[in-house]
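Source file: query_32.txt; contents: compact mmCIF, C-alpha atoms.
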# COMPACT_ATOMS: atom_id res chain seq x y z
CA MET A 4 114.59 31.76 -1.79
CA SER A 5 112.78 28.87 -3.44
CA ALA A 6 109.23 28.02 -2.50
CA THR A 7 108.49 24.64 -0.99
CA TYR A 8 105.24 22.95 -1.82
CA ARG A 9 103.39 20.37 0.17
CA LEU A 10 103.01 16.99 -1.45
CA SER A 11 99.47 15.71 -1.74
CA ILE A 12 98.55 12.16 -2.67
CA ARG A 13 95.09 11.29 -3.95
CA ARG A 14 93.29 8.86 -6.19
CA ALA A 15 93.93 9.31 -9.90
CA THR A 16 91.08 10.50 -12.13
CA ARG A 17 90.51 10.68 -15.87
CA ASP A 18 91.51 14.35 -15.70
CA ASP A 19 95.00 13.21 -14.65
CA LEU A 20 95.62 10.95 -17.65
CA ALA A 21 97.55 13.48 -19.76
CA ALA A 22 99.86 14.32 -16.84
CA ILE A 23 100.32 10.63 -15.95
CA VAL A 24 101.32 9.87 -19.54
CA ARG A 25 103.84 12.75 -19.46
CA VAL A 26 105.42 11.32 -16.30
CA GLU A 27 105.40 7.86 -17.88
CA LYS A 28 107.08 8.99 -21.11
CA ALA A 29 109.69 11.03 -19.25
CA SER A 30 110.42 8.02 -17.04
CA PHE A 31 110.32 5.12 -19.51
CA GLY A 32 110.81 6.59 -22.99
CA ARG A 33 109.92 4.18 -25.77
CA ASP A 34 108.86 1.56 -23.21
CA ALA A 35 106.18 3.89 -21.80
CA TRP A 36 102.61 2.65 -21.50
CA GLU A 37 99.93 4.33 -23.58
CA ARG A 38 97.04 6.44 -22.28
CA GLU A 39 94.54 3.62 -22.96
CA CYS A 40 96.42 1.32 -20.62
CA PHE A 41 96.15 3.80 -17.76
CA ALA A 42 92.49 4.45 -18.59
CA GLY A 43 91.88 0.72 -18.19
CA TYR A 44 93.46 0.74 -14.74
CA LEU A 45 91.30 3.72 -13.73
CA SER A 46 88.14 1.76 -14.44
CA ALA A 47 89.28 -1.54 -12.91
CA PRO A 48 87.53 -2.25 -9.59
CA ASP A 49 90.54 -4.18 -8.25
CA CYS A 50 93.02 -1.35 -8.91
CA LEU A 51 94.32 1.26 -6.51
CA PHE A 52 95.68 4.14 -8.61
CA LEU A 53 97.23 7.15 -6.87
CA VAL A 54 98.90 10.36 -8.03
CA ALA A 55 101.26 12.64 -6.13
CA GLU A 56 100.87 16.37 -6.72
CA LYS A 57 103.22 19.20 -5.91
CA ALA A 58 102.07 22.77 -6.56
CA GLY A 59 99.10 21.40 -8.52
CA ILE A 60 101.34 19.39 -10.88
CA VAL A 61 101.23 15.60 -11.08
CA ALA A 62 104.77 14.64 -10.07
CA GLY A 63 104.29 10.89 -9.90
CA TYR A 64 101.87 8.00 -9.78
CA ALA A 65 101.61 4.47 -8.45
CA LEU A 66 99.15 1.73 -9.22
CA ALA A 67 98.54 -1.66 -7.70
CA VAL A 68 96.07 -4.41 -8.48
CA HIS A 69 94.77 -6.45 -5.57
CA ASN A 70 92.40 -9.13 -4.41
CA GLN A 71 91.33 -9.81 -0.82
CA LYS A 72 94.80 -10.81 0.43
CA ARG A 73 97.47 -10.06 -2.19
CA SER A 74 98.50 -7.11 -4.32
CA GLU A 75 100.90 -6.47 -7.16
CA LEU A 76 102.54 -3.11 -7.79
CA ASP A 77 102.05 -2.81 -11.54
CA SER A 78 103.75 0.54 -12.04
CA ILE A 79 105.23 3.52 -10.24
CA ALA A 80 106.98 6.54 -11.72
CA VAL A 81 108.14 9.97 -10.60
CA ALA A 82 108.89 12.75 -13.07
CA PRO A 83 112.67 13.19 -13.44
CA SER A 84 112.45 16.80 -12.22
CA HIS A 85 110.85 15.62 -8.94
CA ARG A 86 113.07 12.63 -8.13
CA GLY A 87 115.06 12.42 -4.94
CA GLY A 88 112.45 14.17 -2.82
CA GLY A 89 110.70 11.16 -1.32
CA ILE A 90 107.72 11.09 -3.66
CA ALA A 91 108.07 7.40 -4.58
CA ALA A 92 108.35 6.45 -0.90
CA ALA A 93 105.31 8.58 -0.05
CA LEU A 94 103.30 6.93 -2.83
CA MET A 95 104.34 3.45 -1.69
CA ASN A 96 103.54 4.24 1.94
CA ARG A 97 100.08 5.50 1.04
CA LEU A 98 99.44 2.48 -1.22
CA THR A 99 100.41 0.03 1.49
CA ALA A 100 98.39 1.86 4.16
CA ILE A 101 95.24 1.69 2.04
CA LEU A 102 95.86 -1.93 1.09
CA ARG A 103 96.40 -2.91 4.73
CA ARG A 104 93.08 -1.30 5.66
CA ARG A 105 91.48 -3.40 2.93
CA GLY A 106 92.91 -6.56 4.50
CA VAL A 107 95.64 -7.17 1.94
CA SER A 108 98.60 -8.94 3.58
CA THR A 109 101.30 -9.05 0.87
CA MET A 110 102.53 -7.03 -2.08
CA THR A 111 104.78 -8.18 -4.88
CA LEU A 112 106.50 -6.27 -7.65
CA MET A 113 108.96 -6.66 -10.49
CA VAL A 114 112.01 -4.40 -10.83
CA ARG A 115 114.86 -4.30 -13.32
CA LEU A 116 118.06 -5.81 -11.94
CA ASP A 117 119.94 -2.65 -12.92
CA ASN A 118 117.54 -0.23 -11.18
CA ALA A 119 119.60 0.23 -8.02
CA ALA A 120 117.65 3.25 -6.77
CA ALA A 121 114.30 1.44 -6.95
CA ILE A 122 115.71 -1.72 -5.37
CA ALA A 123 117.15 0.37 -2.50
CA LEU A 124 113.76 2.04 -1.96
CA TYR A 125 111.88 -1.26 -1.99
CA ARG A 126 114.35 -2.82 0.47
CA LYS A 127 113.95 0.18 2.79
CA LEU A 128 110.18 -0.43 2.65
CA GLY A 129 110.64 -4.05 3.69
CA PHE A 130 110.60 -5.82 0.32
CA ARG A 131 112.83 -8.86 -0.12
CA ARG A 132 114.02 -10.43 -3.34
CA GLU A 133 112.22 -13.66 -4.16
CA ARG A 134 113.73 -14.69 -7.44
CA ARG A 135 115.32 -13.51 -10.65
CA ILE A 136 113.19 -13.59 -13.80
CA SER A 137 115.25 -13.75 -17.02
CA GLY A 138 114.01 -11.81 -20.04
CA TYR A 139 111.12 -10.20 -18.16
CA TYR A 140 111.22 -6.84 -19.94
CA GLU A 141 110.55 -6.25 -23.65
CA ASP A 142 114.22 -5.48 -24.27
CA GLY A 143 115.16 -8.84 -22.71
CA ALA A 144 116.41 -7.37 -19.43
CA PRO A 145 115.99 -9.50 -16.32
CA ALA A 146 113.98 -8.52 -13.24
CA TRP A 147 113.84 -9.27 -9.54
CA ARG A 148 110.51 -10.37 -8.15
CA MET A 149 110.23 -8.79 -4.71
CA ARG A 150 107.70 -9.31 -1.92
CA VAL A 151 106.73 -7.71 1.37
CA SER A 152 104.41 -9.10 4.02
CA PHE A 153 102.56 -6.30 5.75
CA GLU A 154 102.37 -8.22 9.03
CA SER A 155 106.17 -8.18 9.29
CA ALA A 156 106.93 -4.93 7.48
The structure in this file should be written as structure tokens.
Amino acid sequence: MSATYRLSIRRATRDDLAAIVRVEKASFGRDAWERECFAGYLSAPDCLFLVAEKAGIVAGYALAVHNQKRSELDSIAVAPSHRGGGIAAALMNRLTAILRRRGVSTMTLMVRLDNAAAIALYRKLGFRRERRISGYYEDGAPAWRMRVSFESA
């Protein structure tokens, strides 16, 4: 019988950086962001940076930058060994709940055209494609810009 562990979502701290970078590298390989980049987000006053923990292990993270009305999801990742269990959706739901309480009314994000799983999740959460951006990623891959309005989500 396998043990099930409750998922907890909380604000990221400096103590989480090593685990966040591990999730990042496992998720994005050579395109992964460096520790210093995440450290910068941690200290930014306009950033909401969350981690999801299962059994005391950081299984994923999400970070969004916002002003009074708009936000941008800058990054989200779930460790490959924890995918398929609803962690990304839980992170997104917590992000949007906090942002709504802060008065933010819209969120945008960029997603690779070939990332069908992420696009399906974002659509389920109410995001709609706005436009295609050619050559958005470092490797030249295109992206969809997606948006959700919290009033209608």
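Of the listed residues (A:Val107, A:Val26, A:Ala42, A:Ala120), A:Val26 comes nearest to Pro83 (chain A); the distances count all atoms listed in the file.
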Which one is closest to Arg97 (chain A): A:Gly59, A:Tyr64, A:Asn118, A:Gln71? Count all atoms listed in the file. A:Tyr64
Would you kindly return, as a PDB file with C-alpha atoms, in the coordinates of the input, each protein, DNA or RNA residue with an atom no farther than 10 Å from any atom of Leu98 (chain A), considering all atoms listed in the file and excluding same-chain residues fewer than 5 positions away?
ATOM      1  CA  ILE A  12      98.550  12.160  -2.670  1.00  0.00           C
ATOM      2  CA  LEU A  51      94.320   1.260  -6.510  1.00  0.00           C
ATOM      3  CA  PHE A  52      95.680   4.140  -8.610  1.00  0.00           C
ATOM      4  CA  LEU A  53      97.230   7.150  -6.870  1.00  0.00           C
ATOM      5  CA  ALA A  65     101.610   4.470  -8.450  1.00  0.00           C
ATOM      6  CA  LEU A  66      99.150   1.730  -9.220  1.00  0.00           C
ATOM      7  CA  ALA A  67      98.540  -1.660  -7.700  1.00  0.00           C
ATOM      8  CA  LEU A  76     102.540  -3.110  -7.790  1.00  0.00           C
ATOM      9  CA  ALA A  92     108.350   6.450  -0.900  1.00  0.00           C
ATOM     10  CA  ALA A  93     105.310   8.580  -0.050  1.00  0.00           C
ATOM     11  CA  ARG A 103      96.400  -2.910   4.730  1.00  0.00           C
TER      12      ARG A 103
END
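Going from CA of Pro48 (chain A) over to CA of Gly106 (chain A), you cover 15.7 Å.
Residue nearest Leu112 (chain A) within the list A:Glu39, A:Ser137, A:Ala62, A:Val151: A:Val151 [criterion: smallest interatomic distance, only C-alpha atoms].
For the residues A:Val24, A:Leu128, A:Cys40, A:Ala47, ranking by smallest atom-to-atom distance to Ser152 (chain A) using all atoms listed in the file places A:Leu128 first.
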Which polymer residues, whether protein, DNA or RNA, lie within 12 Å of the coordinate (109.7, 11.0, -18.9) when you count only C-alpha atoms? List them as a CSV table (one decimal) with C-alpha atoms, in the frame of the given file, using the chain letters and numbers from the file.
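Listed below is the output, part05.csv:
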chain,number,residue,atom,x,y,z
A,22,ALA,CA,99.9,14.3,-16.8
A,23,ILE,CA,100.3,10.6,-16.0
A,24,VAL,CA,101.3,9.9,-19.5
A,25,ARG,CA,103.8,12.8,-19.5
A,26,VAL,CA,105.4,11.3,-16.3
A,27,GLU,CA,105.4,7.9,-17.9
A,28,LYS,CA,107.1,9.0,-21.1
A,29,ALA,CA,109.7,11.0,-19.2
A,30,SER,CA,110.4,8.0,-17.0
A,31,PHE,CA,110.3,5.1,-19.5
A,32,GLY,CA,110.8,6.6,-23.0
A,33,ARG,CA,109.9,4.2,-25.8
A,34,ASP,CA,108.9,1.6,-23.2
A,35,ALA,CA,106.2,3.9,-21.8
A,36,TRP,CA,102.6,2.6,-21.5
A,62,ALA,CA,104.8,14.6,-10.1
A,63,GLY,CA,104.3,10.9,-9.9
A,80,ALA,CA,107.0,6.5,-11.7
A,81,VAL,CA,108.1,10.0,-10.6
A,82,ALA,CA,108.9,12.8,-13.1
A,83,PRO,CA,112.7,13.2,-13.4
A,84,SER,CA,112.4,16.8,-12.2
A,85,HIS,CA,110.8,15.6,-8.9
A,86,ARG,CA,113.1,12.6,-8.1
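Minimum atom-to-atom distance to Trp147 (chain A), evaluated using all atoms listed in the file, belongs to A:Arg131 out of A:Ala91, A:Cys50, A:Arg131, A:Val61.
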Quick one: of A:Asp18, A:Ile60, A:Leu124, A:Thr99, who's nearest to Gly87 (chain A), counting only C-alpha atoms? A:Leu124
d(CA of Val54 (chain A), CA of Met95 (chain A)) in Å: 10.8 Å
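Atom pair CA of Ser46 (chain A) / CA of Arg115 (chain A) has a distance of 27.4 Å (rounded to one decimal).
Around Tyr8 (chain A), within 10 Å and counting only C-alpha atoms, the residues found are Glu56, Lys57, Ala58 and Gly59 of chain A, once anything fewer than 5 positions away on its own chain is removed.
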